[in-house]
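> Just input-v7.cif, nothing more (mmCIF, N, CA, C and O atoms):
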```
data_model
#
loop_
_atom_site.label_atom_id
_atom_site.label_comp_id
_atom_site.auth_asym_id
_atom_site.auth_seq_id
_atom_site.Cartn_x
_atom_site.Cartn_y
_atom_site.Cartn_z
N MET Z 1 58.64 85.51 118.09
CA MET Z 1 57.57 86.47 117.97
C MET Z 1 56.66 86.04 116.82
O MET Z 1 57.11 85.76 115.73
N ALA Z 2 55.38 85.99 117.07
CA ALA Z 2 54.42 85.61 116.04
C ALA Z 2 54.11 86.82 115.16
O ALA Z 2 54.09 87.95 115.62
N ASN Z 3 53.90 86.55 113.90
CA ASN Z 3 53.52 87.61 112.97
C ASN Z 3 52.01 87.63 112.84
O ASN Z 3 51.37 86.60 112.74
N HIS Z 4 51.47 88.83 112.86
CA HIS Z 4 50.03 89.01 112.72
C HIS Z 4 49.78 90.06 111.66
O HIS Z 4 50.52 91.02 111.54
N VAL Z 5 48.72 89.85 110.92
CA VAL Z 5 48.29 90.83 109.93
C VAL Z 5 47.01 91.45 110.44
O VAL Z 5 46.08 90.74 110.85
N ILE Z 6 46.97 92.75 110.45
CA ILE Z 6 45.75 93.45 110.84
C ILE Z 6 45.38 94.43 109.75
O ILE Z 6 46.22 94.86 108.97
N SER Z 7 44.12 94.77 109.71
CA SER Z 7 43.63 95.74 108.74
C SER Z 7 43.05 96.93 109.52
O SER Z 7 42.26 96.75 110.45
N ILE Z 8 43.51 98.11 109.15
CA ILE Z 8 43.04 99.33 109.80
C ILE Z 8 42.55 100.27 108.70
O ILE Z 8 43.16 100.37 107.64
N ILE Z 9 41.48 100.96 108.96
CA ILE Z 9 40.79 101.77 107.96
C ILE Z 9 41.58 102.98 107.49
O ILE Z 9 41.64 103.28 106.32
N ASP Z 10 42.19 103.72 108.41
CA ASP Z 10 42.88 104.95 108.00
C ASP Z 10 44.08 105.22 108.89
O ASP Z 10 44.30 104.55 109.90
N ALA Z 11 44.86 106.21 108.50
CA ALA Z 11 46.11 106.53 109.19
C ALA Z 11 45.86 106.96 110.64
O ALA Z 11 46.60 106.56 111.54
N GLU Z 12 44.84 107.76 110.85
CA GLU Z 12 44.56 108.23 112.21
C GLU Z 12 44.24 107.06 113.13
O GLU Z 12 44.68 107.03 114.28
N GLU Z 13 43.48 106.09 112.63
CA GLU Z 13 43.16 104.91 113.43
C GLU Z 13 44.44 104.15 113.77
O GLU Z 13 44.62 103.70 114.90
N TYR Z 14 45.32 104.01 112.81
CA TYR Z 14 46.59 103.31 113.06
C TYR Z 14 47.42 104.04 114.11
O TYR Z 14 47.97 103.41 115.02
N LEU Z 15 47.52 105.35 114.01
CA LEU Z 15 48.31 106.13 114.96
C LEU Z 15 47.78 106.02 116.39
O LEU Z 15 48.54 106.19 117.35
N GLN Z 16 46.50 105.72 116.54
CA GLN Z 16 45.90 105.59 117.87
C GLN Z 16 45.80 104.14 118.33
O GLN Z 16 45.38 103.87 119.45
N SER Z 17 46.23 103.20 117.49
CA SER Z 17 46.07 101.79 117.82
C SER Z 17 47.24 101.26 118.65
O SER Z 17 48.33 101.83 118.65
N GLU Z 18 47.01 100.15 119.30
CA GLU Z 18 48.08 99.49 120.06
C GLU Z 18 49.11 98.87 119.11
O GLU Z 18 50.23 98.58 119.50
N ARG Z 19 48.78 98.69 117.86
CA ARG Z 19 49.69 98.10 116.87
C ARG Z 19 50.83 99.04 116.50
O ARG Z 19 51.84 98.62 115.97
N LEU Z 20 50.69 100.29 116.81
CA LEU Z 20 51.74 101.26 116.51
C LEU Z 20 53.06 100.85 117.18
O LEU Z 20 54.13 101.03 116.62
N GLU Z 21 52.96 100.29 118.35
CA GLU Z 21 54.15 99.93 119.13
C GLU Z 21 54.84 98.67 118.65
O GLU Z 21 56.02 98.48 118.91
N ASP Z 22 54.14 97.78 117.96
CA ASP Z 22 54.75 96.49 117.61
C ASP Z 22 54.64 96.13 116.13
O ASP Z 22 54.70 94.97 115.77
N SER Z 23 54.55 97.12 115.28
CA SER Z 23 54.47 96.86 113.84
C SER Z 23 55.84 96.51 113.28
O SER Z 23 56.81 97.23 113.52
N SER Z 24 55.91 95.40 112.55
CA SER Z 24 57.15 95.01 111.87
C SER Z 24 57.23 95.61 110.48
O SER Z 24 58.31 95.81 109.94
N CYS Z 25 56.07 95.85 109.90
CA CYS Z 25 55.99 96.40 108.55
C CYS Z 25 54.60 96.99 108.37
O CYS Z 25 53.63 96.45 108.89
N LEU Z 26 54.53 98.06 107.63
CA LEU Z 26 53.26 98.72 107.36
C LEU Z 26 53.06 98.82 105.86
O LEU Z 26 53.90 99.37 105.16
N ILE Z 27 51.97 98.23 105.38
CA ILE Z 27 51.60 98.35 103.97
C ILE Z 27 50.43 99.32 103.93
O ILE Z 27 49.41 99.09 104.59
N THR Z 28 50.61 100.40 103.21
CA THR Z 28 49.57 101.44 103.21
C THR Z 28 49.30 101.93 101.79
O THR Z 28 50.19 101.98 100.96
N ASP Z 29 48.05 102.30 101.60
CA ASP Z 29 47.69 102.94 100.34
C ASP Z 29 48.21 104.37 100.40
O ASP Z 29 48.28 104.99 101.46
N LEU Z 30 48.57 104.89 99.27
CA LEU Z 30 49.03 106.27 99.21
C LEU Z 30 47.87 107.23 99.43
O LEU Z 30 47.97 108.22 100.15
N HIS Z 31 46.73 106.93 98.82
CA HIS Z 31 45.55 107.80 98.91
C HIS Z 31 44.51 107.16 99.82
O HIS Z 31 43.97 106.10 99.51
N MET Z 32 44.28 107.81 100.95
CA MET Z 32 43.30 107.35 101.93
C MET Z 32 42.48 108.55 102.38
O MET Z 32 42.92 109.68 102.22
N PRO Z 33 41.32 108.28 102.97
CA PRO Z 33 40.57 109.39 103.55
C PRO Z 33 41.39 110.03 104.67
O PRO Z 33 42.11 109.34 105.40
N GLY Z 34 41.34 111.32 104.79
CA GLY Z 34 42.10 111.99 105.84
C GLY Z 34 43.57 112.05 105.47
O GLY Z 34 43.94 112.48 104.38
N MET Z 35 44.40 111.58 106.36
CA MET Z 35 45.85 111.63 106.17
C MET Z 35 46.29 110.66 105.08
O MET Z 35 45.89 109.50 105.06
N SER Z 36 47.13 111.13 104.16
CA SER Z 36 47.63 110.26 103.08
C SER Z 36 48.70 109.32 103.62
O SER Z 36 49.25 109.53 104.71
N GLY Z 37 49.03 108.30 102.85
CA GLY Z 37 50.10 107.40 103.23
C GLY Z 37 51.43 108.12 103.36
O GLY Z 37 52.21 107.85 104.28
N ALA Z 38 51.72 109.05 102.48
CA ALA Z 38 52.96 109.82 102.54
C ALA Z 38 52.99 110.70 103.79
O ALA Z 38 54.03 110.83 104.45
N ASP Z 39 51.86 111.28 104.14
CA ASP Z 39 51.79 112.09 105.36
C ASP Z 39 51.94 111.21 106.61
O ASP Z 39 52.55 111.63 107.60
N LEU Z 40 51.41 110.00 106.55
CA LEU Z 40 51.59 109.06 107.65
C LEU Z 40 53.08 108.74 107.83
O LEU Z 40 53.59 108.74 108.95
N GLN Z 41 53.77 108.51 106.73
CA GLN Z 41 55.21 108.25 106.80
C GLN Z 41 55.93 109.45 107.44
O GLN Z 41 56.77 109.27 108.33
N ASP Z 42 55.59 110.66 107.00
CA ASP Z 42 56.20 111.87 107.57
C ASP Z 42 55.96 111.94 109.08
O ASP Z 42 56.86 112.27 109.85
N ARG Z 43 54.76 111.64 109.49
CA ARG Z 43 54.39 111.69 110.91
C ARG Z 43 55.17 110.66 111.72
O ARG Z 43 55.69 110.96 112.80
N LEU Z 44 55.27 109.44 111.19
CA LEU Z 44 56.01 108.40 111.91
C LEU Z 44 57.48 108.78 112.05
O LEU Z 44 58.07 108.62 113.12
N ILE Z 45 58.05 109.32 110.99
CA ILE Z 45 59.45 109.75 111.04
C ILE Z 45 59.63 110.89 112.05
O ILE Z 45 60.56 110.87 112.86
N ALA Z 46 58.73 111.85 112.01
CA ALA Z 46 58.80 112.98 112.95
C ALA Z 46 58.68 112.51 114.40
O ALA Z 46 59.28 113.10 115.30
N ASP Z 47 57.92 111.44 114.61
CA ASP Z 47 57.74 110.89 115.96
C ASP Z 47 58.87 109.93 116.35
O ASP Z 47 58.82 109.32 117.41
N GLY Z 48 59.85 109.76 115.45
CA GLY Z 48 60.99 108.90 115.75
C GLY Z 48 60.72 107.42 115.57
O GLY Z 48 61.46 106.58 116.08
N ARG Z 49 59.70 107.08 114.84
CA ARG Z 49 59.35 105.67 114.61
C ARG Z 49 59.88 105.23 113.26
O ARG Z 49 59.60 105.86 112.25
N GLN Z 50 60.64 104.17 113.26
CA GLN Z 50 61.23 103.66 112.03
C GLN Z 50 60.56 102.35 111.65
O GLN Z 50 61.14 101.28 111.79
N ILE Z 51 59.35 102.43 111.18
CA ILE Z 51 58.58 101.26 110.77
C ILE Z 51 58.76 101.09 109.27
O ILE Z 51 58.46 102.02 108.50
N PRO Z 52 59.25 99.94 108.83
CA PRO Z 52 59.37 99.72 107.38
C PRO Z 52 58.00 99.85 106.72
O PRO Z 52 57.02 99.30 107.20
N MET Z 53 57.97 100.60 105.62
CA MET Z 53 56.70 100.86 104.93
C MET Z 53 56.77 100.45 103.46
O MET Z 53 57.80 100.59 102.81
N ILE Z 54 55.63 99.96 102.98
CA ILE Z 54 55.44 99.64 101.58
C ILE Z 54 54.18 100.39 101.15
O ILE Z 54 53.15 100.32 101.83
N PHE Z 55 54.28 101.10 100.05
CA PHE Z 55 53.14 101.87 99.55
C PHE Z 55 52.52 101.19 98.34
O PHE Z 55 53.23 100.64 97.50
N VAL Z 56 51.20 101.26 98.27
CA VAL Z 56 50.47 100.81 97.09
C VAL Z 56 49.60 101.96 96.62
O VAL Z 56 49.13 102.77 97.43
N THR Z 57 49.39 102.03 95.32
CA THR Z 57 48.56 103.11 94.80
C THR Z 57 48.00 102.76 93.43
O THR Z 57 48.61 102.02 92.67
N ALA Z 58 46.84 103.29 93.15
CA ALA Z 58 46.26 103.20 91.81
C ALA Z 58 46.57 104.46 91.02
O ALA Z 58 46.34 104.52 89.82
N TYR Z 59 47.10 105.46 91.70
CA TYR Z 59 47.38 106.76 91.09
C TYR Z 59 48.87 107.05 91.16
O TYR Z 59 49.35 107.62 92.14
N TYR Z 60 49.58 106.65 90.15
CA TYR Z 60 51.03 106.78 90.14
C TYR Z 60 51.44 108.25 90.00
O TYR Z 60 50.98 108.94 89.09
N GLU Z 61 52.28 108.69 90.92
CA GLU Z 61 52.83 110.03 90.86
C GLU Z 61 54.33 109.90 91.14
O GLU Z 61 54.72 109.55 92.25
N GLU Z 62 55.15 110.15 90.14
CA GLU Z 62 56.59 109.96 90.29
C GLU Z 62 57.18 110.80 91.43
O GLU Z 62 58.03 110.33 92.18
N LYS Z 63 56.69 112.02 91.57
CA LYS Z 63 57.20 112.90 92.62
C LYS Z 63 56.94 112.30 94.00
O LYS Z 63 57.82 112.30 94.87
N ILE Z 64 55.75 111.78 94.21
CA ILE Z 64 55.40 111.16 95.49
C ILE Z 64 56.17 109.86 95.67
O ILE Z 64 56.66 109.56 96.76
N ARG Z 65 56.29 109.07 94.61
CA ARG Z 65 57.08 107.83 94.66
C ARG Z 65 58.50 108.14 95.13
O ARG Z 65 59.01 107.50 96.05
N ASP Z 66 59.12 109.11 94.51
CA ASP Z 66 60.48 109.48 94.88
C ASP Z 66 60.55 109.96 96.34
O ASP Z 66 61.48 109.62 97.07
N ARG Z 67 59.56 110.72 96.74
CA ARG Z 67 59.52 111.25 98.11
C ARG Z 67 59.49 110.14 99.15
O ARG Z 67 60.28 110.14 100.10
N VAL Z 68 58.58 109.16 98.98
CA VAL Z 68 58.45 108.11 99.99
C VAL Z 68 59.64 107.15 99.97
O VAL Z 68 60.08 106.67 101.01
N LEU Z 69 60.17 106.88 98.77
CA LEU Z 69 61.34 106.00 98.68
C LEU Z 69 62.57 106.68 99.28
O LEU Z 69 63.34 106.05 100.01
N ASP Z 70 62.74 107.97 99.02
CA ASP Z 70 63.86 108.72 99.59
C ASP Z 70 63.76 108.77 101.12
O ASP Z 70 64.78 108.84 101.81
N ALA Z 71 62.55 108.72 101.64
CA ALA Z 71 62.35 108.75 103.09
C ALA Z 71 62.48 107.36 103.71
O ALA Z 71 62.34 107.22 104.92
N GLY Z 72 62.73 106.34 102.89
CA GLY Z 72 63.00 105.02 103.43
C GLY Z 72 62.01 103.92 103.16
O GLY Z 72 62.14 102.82 103.70
N ALA Z 73 60.99 104.17 102.33
CA ALA Z 73 60.03 103.11 102.01
C ALA Z 73 60.73 101.95 101.33
O ALA Z 73 61.70 102.13 100.59
N TYR Z 74 60.24 100.75 101.57
CA TYR Z 74 60.82 99.53 100.99
C TYR Z 74 60.13 99.11 99.70
O TYR Z 74 60.54 98.14 99.09
N GLY Z 75 59.11 99.83 99.31
CA GLY Z 75 58.45 99.51 98.06
C GLY Z 75 57.39 100.53 97.72
O GLY Z 75 56.85 101.22 98.60
N PHE Z 76 57.11 100.62 96.44
CA PHE Z 76 56.07 101.49 95.93
C PHE Z 76 55.43 100.72 94.77
O PHE Z 76 56.02 100.60 93.70
N LEU Z 77 54.28 100.15 95.03
CA LEU Z 77 53.64 99.26 94.06
C LEU Z 77 52.42 99.91 93.45
O LEU Z 77 51.55 100.43 94.16
N ARG Z 78 52.37 99.85 92.15
CA ARG Z 78 51.24 100.41 91.41
C ARG Z 78 50.20 99.32 91.19
O ARG Z 78 50.53 98.23 90.73
N LYS Z 79 48.95 99.61 91.57
CA LYS Z 79 47.86 98.64 91.39
C LYS Z 79 47.51 98.54 89.92
O LYS Z 79 47.51 99.56 89.23
N PRO Z 80 47.20 97.38 89.43
CA PRO Z 80 47.34 96.10 90.12
C PRO Z 80 48.80 95.65 90.10
O PRO Z 80 49.52 95.93 89.15
N PHE Z 81 49.22 94.97 91.14
CA PHE Z 81 50.58 94.45 91.20
C PHE Z 81 50.50 92.95 91.44
O PHE Z 81 49.48 92.43 91.89
N ASN Z 82 51.59 92.25 91.14
CA ASN Z 82 51.56 90.80 91.31
C ASN Z 82 52.08 90.41 92.69
O ASN Z 82 52.73 91.19 93.37
N ASP Z 83 51.76 89.20 93.09
CA ASP Z 83 52.14 88.69 94.40
C ASP Z 83 53.65 88.74 94.61
O ASP Z 83 54.12 89.08 95.70
N GLU Z 84 54.40 88.41 93.56
CA GLU Z 84 55.86 88.36 93.68
C GLU Z 84 56.44 89.73 94.04
O GLU Z 84 57.39 89.83 94.82
N SER Z 85 55.87 90.78 93.48
CA SER Z 85 56.35 92.13 93.78
C SER Z 85 56.14 92.47 95.25
O SER Z 85 57.02 93.04 95.91
N LEU Z 86 54.97 92.12 95.77
CA LEU Z 86 54.68 92.39 97.17
C LEU Z 86 55.58 91.55 98.07
O LEU Z 86 56.14 92.05 99.05
N ILE Z 87 55.76 90.29 97.74
CA ILE Z 87 56.61 89.41 98.55
C ILE Z 87 58.05 89.91 98.56
O ILE Z 87 58.71 89.92 99.60
N GLU Z 88 58.53 90.38 97.42
CA GLU Z 88 59.89 90.93 97.36
C GLU Z 88 60.04 92.14 98.29
O GLU Z 88 61.02 92.25 99.02
N CYS Z 89 59.07 93.04 98.27
CA CYS Z 89 59.11 94.21 99.16
C CYS Z 89 59.04 93.79 100.62
O CYS Z 89 59.76 94.33 101.47
N LEU Z 90 58.17 92.83 100.94
CA LEU Z 90 58.05 92.35 102.31
C LEU Z 90 59.34 91.71 102.79
O LEU Z 90 59.77 91.94 103.92
N ASP Z 91 59.96 90.92 101.93
CA ASP Z 91 61.24 90.30 102.28
C ASP Z 91 62.29 91.35 102.63
O ASP Z 91 63.00 91.23 103.63
N LYS Z 92 62.37 92.41 101.81
CA LYS Z 92 63.34 93.48 102.09
C LYS Z 92 63.02 94.18 103.41
O LYS Z 92 63.91 94.42 104.23
N ALA Z 93 61.76 94.49 103.62
CA ALA Z 93 61.37 95.21 104.83
C ALA Z 93 61.59 94.37 106.08
O ALA Z 93 62.15 94.85 107.06
N LEU Z 94 61.18 93.12 106.04
CA LEU Z 94 61.31 92.27 107.23
C LEU Z 94 62.76 91.88 107.48
O LEU Z 94 63.17 91.69 108.63
N SER Z 95 63.57 91.79 106.44
CA SER Z 95 65.00 91.54 106.61
C SER Z 95 65.65 92.72 107.32
O SER Z 95 66.53 92.54 108.16
N ALA Z 96 65.22 93.91 107.01
CA ALA Z 96 65.75 95.10 107.67
C ALA Z 96 65.40 95.09 109.16
O ALA Z 96 66.22 95.45 110.00
N VAL Z 97 64.18 94.66 109.49
CA VAL Z 97 63.76 94.58 110.88
C VAL Z 97 64.60 93.54 111.61
O VAL Z 97 65.10 93.79 112.71
N SER Z 98 64.79 92.38 111.00
CA SER Z 98 65.59 91.32 111.61
C SER Z 98 67.03 91.75 111.84
O SER Z 98 67.62 91.43 112.86
N ALA Z 99 67.58 92.50 110.91
CA ALA Z 99 68.97 92.96 111.02
C ALA Z 99 69.14 93.93 112.19
O ALA Z 99 70.22 94.00 112.79
N LYS Z 100 68.10 94.67 112.52
CA LYS Z 100 68.18 95.65 113.61
C LYS Z 100 68.03 95.01 114.98
O LYS Z 100 68.36 95.61 115.98
N GLN Z 101 67.51 93.77 115.02
CA GLN Z 101 67.25 93.11 116.32
C GLN Z 101 68.44 92.32 116.79
O GLN Z 101 69.35 91.99 116.30
#
```
What does the file become when written as structure tokens?

Amino acid sequence: MANHVISIIDAEEYLQSERLEDSSCLITDLHMPGMSGADLQDRLIADGRQIPMIFVTAYYEEKIRDRVLDAGAYGFLRKPFNDESLIECLDKALSAVSAKQ
């Protein structure tokens, strides 16, 4: 299976996209127009979708960090973050996907 990176503007667009069915990992900002990244995670879980997620944010909120990590996020990165931090989170998330297949 080939890996592809796509960019989508907001959570609602992602939920309506064809990528919803074949996402290996979702990297999302916590604060977006419309639905927040945390609300997107809640929606995916409620819909029975277990897509590994990594959150990024410029606005650190410990309560929200704890919430998304407790719900299964593979990372919570505060902007600016270094490449190694993102790669570490991606490795964990994609390893989880591989283990399930």
> For the structure shown, which residues end up in the PyMOL selection byres (((chain Z and resi 10-22 and name CA) around 9) and name CA)? Put them as a PyMOL selection string, please?
chain Z and resi 6+8-9+23-24+28+32-37+39-40+44+49+51
> Need to verify the contact set: stretch 54-57 of chain Z, 6 Å, all atoms listed in the file, exclusion of same-chain residues closer than 6 positions in sequence. Can you return it as a PyMOL selection string?
chain Z and resi 26-31+73-80
> What parts of stretch 18-99 of chain Z does DSSP call strand (DSSP E)? I'd like the answer as a list in words.
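Here are the strand (DSSP E) residues of stretch 18-99 of chain Z: Leu26, Ile27, Thr28, Asp29, Met53, Ile54, Phe55, Val56, Thr57, Gly75, Phe76, Leu77 and Arg78 of chain Z.
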> Could you tell me how far atom O of Z:Ala38 lies from atom O of Z:Ser98, in Å and to one decimal?
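Rounded to one decimal, the two atoms are 25.1 Å apart.
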> Rounded to one decimal in Å, what is the spacing between atom CA of Z:Pro52 and atom CA of Z:Cys25?
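Computing the Euclidean distance for atom CA of Z:Pro52 and atom CA of Z:Cys25 yields 4.9 Å.
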> For the atom pair atom CA of Z:Ile45 and atom C of Z:Ala96, what is the interatomic distance in Å to one decimal place?
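Result for atom CA of Z:Ile45 versus atom C of Z:Ala96: 15.9 Å, one decimal.
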> Residues of chain Z in helix (DSSP H, G or I) according to DSSP, as a compact mmCIF listing (two decimals) with N, CA, C and O atoms, in the frame of the given file?

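Writing done, so here's out.txt:
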```txt
# COMPACT_ATOMS: atom_id res chain seq x y z
N ALA Z 11 44.86 106.21 108.50
CA ALA Z 11 46.11 106.53 109.19
C ALA Z 11 45.86 106.96 110.64
O ALA Z 11 46.60 106.56 111.54
N GLU Z 12 44.84 107.76 110.85
CA GLU Z 12 44.56 108.23 112.21
C GLU Z 12 44.24 107.06 113.13
O GLU Z 12 44.68 107.03 114.28
N GLU Z 13 43.48 106.09 112.63
CA GLU Z 13 43.16 104.91 113.43
C GLU Z 13 44.44 104.15 113.77
O GLU Z 13 44.62 103.70 114.90
N TYR Z 14 45.32 104.01 112.81
CA TYR Z 14 46.59 103.31 113.06
C TYR Z 14 47.42 104.04 114.11
O TYR Z 14 47.97 103.41 115.02
N LEU Z 15 47.52 105.35 114.01
CA LEU Z 15 48.31 106.13 114.96
C LEU Z 15 47.78 106.02 116.39
O LEU Z 15 48.54 106.19 117.35
N GLU Z 18 47.01 100.15 119.30
CA GLU Z 18 48.08 99.49 120.06
C GLU Z 18 49.11 98.87 119.11
O GLU Z 18 50.23 98.58 119.50
N ARG Z 19 48.78 98.69 117.86
CA ARG Z 19 49.69 98.10 116.87
C ARG Z 19 50.83 99.04 116.50
O ARG Z 19 51.84 98.62 115.97
N LEU Z 20 50.69 100.29 116.81
CA LEU Z 20 51.74 101.26 116.51
C LEU Z 20 53.06 100.85 117.18
O LEU Z 20 54.13 101.03 116.62
N GLU Z 21 52.96 100.29 118.35
CA GLU Z 21 54.15 99.93 119.13
C GLU Z 21 54.84 98.67 118.65
O GLU Z 21 56.02 98.48 118.91
N GLY Z 37 49.03 108.30 102.85
CA GLY Z 37 50.10 107.40 103.23
C GLY Z 37 51.43 108.12 103.36
O GLY Z 37 52.21 107.85 104.28
N ALA Z 38 51.72 109.05 102.48
CA ALA Z 38 52.96 109.82 102.54
C ALA Z 38 52.99 110.70 103.79
O ALA Z 38 54.03 110.83 104.45
N ASP Z 39 51.86 111.28 104.14
CA ASP Z 39 51.79 112.09 105.36
C ASP Z 39 51.94 111.21 106.61
O ASP Z 39 52.55 111.63 107.60
N LEU Z 40 51.41 110.00 106.55
CA LEU Z 40 51.59 109.06 107.65
C LEU Z 40 53.08 108.74 107.83
O LEU Z 40 53.59 108.74 108.95
N GLN Z 41 53.77 108.51 106.73
CA GLN Z 41 55.21 108.25 106.80
C GLN Z 41 55.93 109.45 107.44
O GLN Z 41 56.77 109.27 108.33
N ASP Z 42 55.59 110.66 107.00
CA ASP Z 42 56.20 111.87 107.57
C ASP Z 42 55.96 111.94 109.08
O ASP Z 42 56.86 112.27 109.85
N ARG Z 43 54.76 111.64 109.49
CA ARG Z 43 54.39 111.69 110.91
C ARG Z 43 55.17 110.66 111.72
O ARG Z 43 55.69 110.96 112.80
N LEU Z 44 55.27 109.44 111.19
CA LEU Z 44 56.01 108.40 111.91
C LEU Z 44 57.48 108.78 112.05
O LEU Z 44 58.07 108.62 113.12
N ILE Z 45 58.05 109.32 110.99
CA ILE Z 45 59.45 109.75 111.04
C ILE Z 45 59.63 110.89 112.05
O ILE Z 45 60.56 110.87 112.86
N ALA Z 46 58.73 111.85 112.01
CA ALA Z 46 58.80 112.98 112.95
C ALA Z 46 58.68 112.51 114.40
O ALA Z 46 59.28 113.10 115.30
N GLU Z 62 55.15 110.15 90.14
CA GLU Z 62 56.59 109.96 90.29
C GLU Z 62 57.18 110.80 91.43
O GLU Z 62 58.03 110.33 92.18
N LYS Z 63 56.69 112.02 91.57
CA LYS Z 63 57.20 112.90 92.62
C LYS Z 63 56.94 112.30 94.00
O LYS Z 63 57.82 112.30 94.87
N ILE Z 64 55.75 111.78 94.21
CA ILE Z 64 55.40 111.16 95.49
C ILE Z 64 56.17 109.86 95.67
O ILE Z 64 56.66 109.56 96.76
N ARG Z 65 56.29 109.07 94.61
CA ARG Z 65 57.08 107.83 94.66
C ARG Z 65 58.50 108.14 95.13
O ARG Z 65 59.01 107.50 96.05
N ASP Z 66 59.12 109.11 94.51
CA ASP Z 66 60.48 109.48 94.88
C ASP Z 66 60.55 109.96 96.34
O ASP Z 66 61.48 109.62 97.07
N ARG Z 67 59.56 110.72 96.74
CA ARG Z 67 59.52 111.25 98.11
C ARG Z 67 59.49 110.14 99.15
O ARG Z 67 60.28 110.14 100.10
N VAL Z 68 58.58 109.16 98.98
CA VAL Z 68 58.45 108.11 99.99
C VAL Z 68 59.64 107.15 99.97
O VAL Z 68 60.08 106.67 101.01
N LEU Z 69 60.17 106.88 98.77
CA LEU Z 69 61.34 106.00 98.68
C LEU Z 69 62.57 106.68 99.28
O LEU Z 69 63.34 106.05 100.01
N ASP Z 70 62.74 107.97 99.02
CA ASP Z 70 63.86 108.72 99.59
C ASP Z 70 63.76 108.77 101.12
O ASP Z 70 64.78 108.84 101.81
N ASP Z 83 51.76 89.20 93.09
CA ASP Z 83 52.14 88.69 94.40
C ASP Z 83 53.65 88.74 94.61
O ASP Z 83 54.12 89.08 95.70
N GLU Z 84 54.40 88.41 93.56
CA GLU Z 84 55.86 88.36 93.68
C GLU Z 84 56.44 89.73 94.04
O GLU Z 84 57.39 89.83 94.82
N SER Z 85 55.87 90.78 93.48
CA SER Z 85 56.35 92.13 93.78
C SER Z 85 56.14 92.47 95.25
O SER Z 85 57.02 93.04 95.91
N LEU Z 86 54.97 92.12 95.77
CA LEU Z 86 54.68 92.39 97.17
C LEU Z 86 55.58 91.55 98.07
O LEU Z 86 56.14 92.05 99.05
N ILE Z 87 55.76 90.29 97.74
CA ILE Z 87 56.61 89.41 98.55
C ILE Z 87 58.05 89.91 98.56
O ILE Z 87 58.71 89.92 99.60
N GLU Z 88 58.53 90.38 97.42
CA GLU Z 88 59.89 90.93 97.36
C GLU Z 88 60.04 92.14 98.29
O GLU Z 88 61.02 92.25 99.02
N CYS Z 89 59.07 93.04 98.27
CA CYS Z 89 59.11 94.21 99.16
C CYS Z 89 59.04 93.79 100.62
O CYS Z 89 59.76 94.33 101.47
N LEU Z 90 58.17 92.83 100.94
CA LEU Z 90 58.05 92.35 102.31
C LEU Z 90 59.34 91.71 102.79
O LEU Z 90 59.77 91.94 103.92
N ASP Z 91 59.96 90.92 101.93
CA ASP Z 91 61.24 90.30 102.28
C ASP Z 91 62.29 91.35 102.63
O ASP Z 91 63.00 91.23 103.63
N LYS Z 92 62.37 92.41 101.81
CA LYS Z 92 63.34 93.48 102.09
C LYS Z 92 63.02 94.18 103.41
O LYS Z 92 63.91 94.42 104.23
N ALA Z 93 61.76 94.49 103.62
CA ALA Z 93 61.37 95.21 104.83
C ALA Z 93 61.59 94.37 106.08
O ALA Z 93 62.15 94.85 107.06
N LEU Z 94 61.18 93.12 106.04
CA LEU Z 94 61.31 92.27 107.23
C LEU Z 94 62.76 91.88 107.48
O LEU Z 94 63.17 91.69 108.63
N SER Z 95 63.57 91.79 106.44
CA SER Z 95 65.00 91.54 106.61
C SER Z 95 65.65 92.72 107.32
O SER Z 95 66.53 92.54 108.16
N ALA Z 96 65.22 93.91 107.01
CA ALA Z 96 65.75 95.10 107.67
C ALA Z 96 65.40 95.09 109.16
O ALA Z 96 66.22 95.45 110.00
N VAL Z 97 64.18 94.66 109.49
CA VAL Z 97 63.76 94.58 110.88
C VAL Z 97 64.60 93.54 111.61
O VAL Z 97 65.10 93.79 112.71
N SER Z 98 64.79 92.38 111.00
CA SER Z 98 65.59 91.32 111.61
C SER Z 98 67.03 91.75 111.84
O SER Z 98 67.62 91.43 112.86
N ALA Z 99 67.58 92.50 110.91
CA ALA Z 99 68.97 92.96 111.02
C ALA Z 99 69.14 93.93 112.19
O ALA Z 99 70.22 94.00 112.79
N LYS Z 100 68.10 94.67 112.52
CA LYS Z 100 68.18 95.65 113.61
C LYS Z 100 68.03 95.01 114.98
O LYS Z 100 68.36 95.61 115.98
```
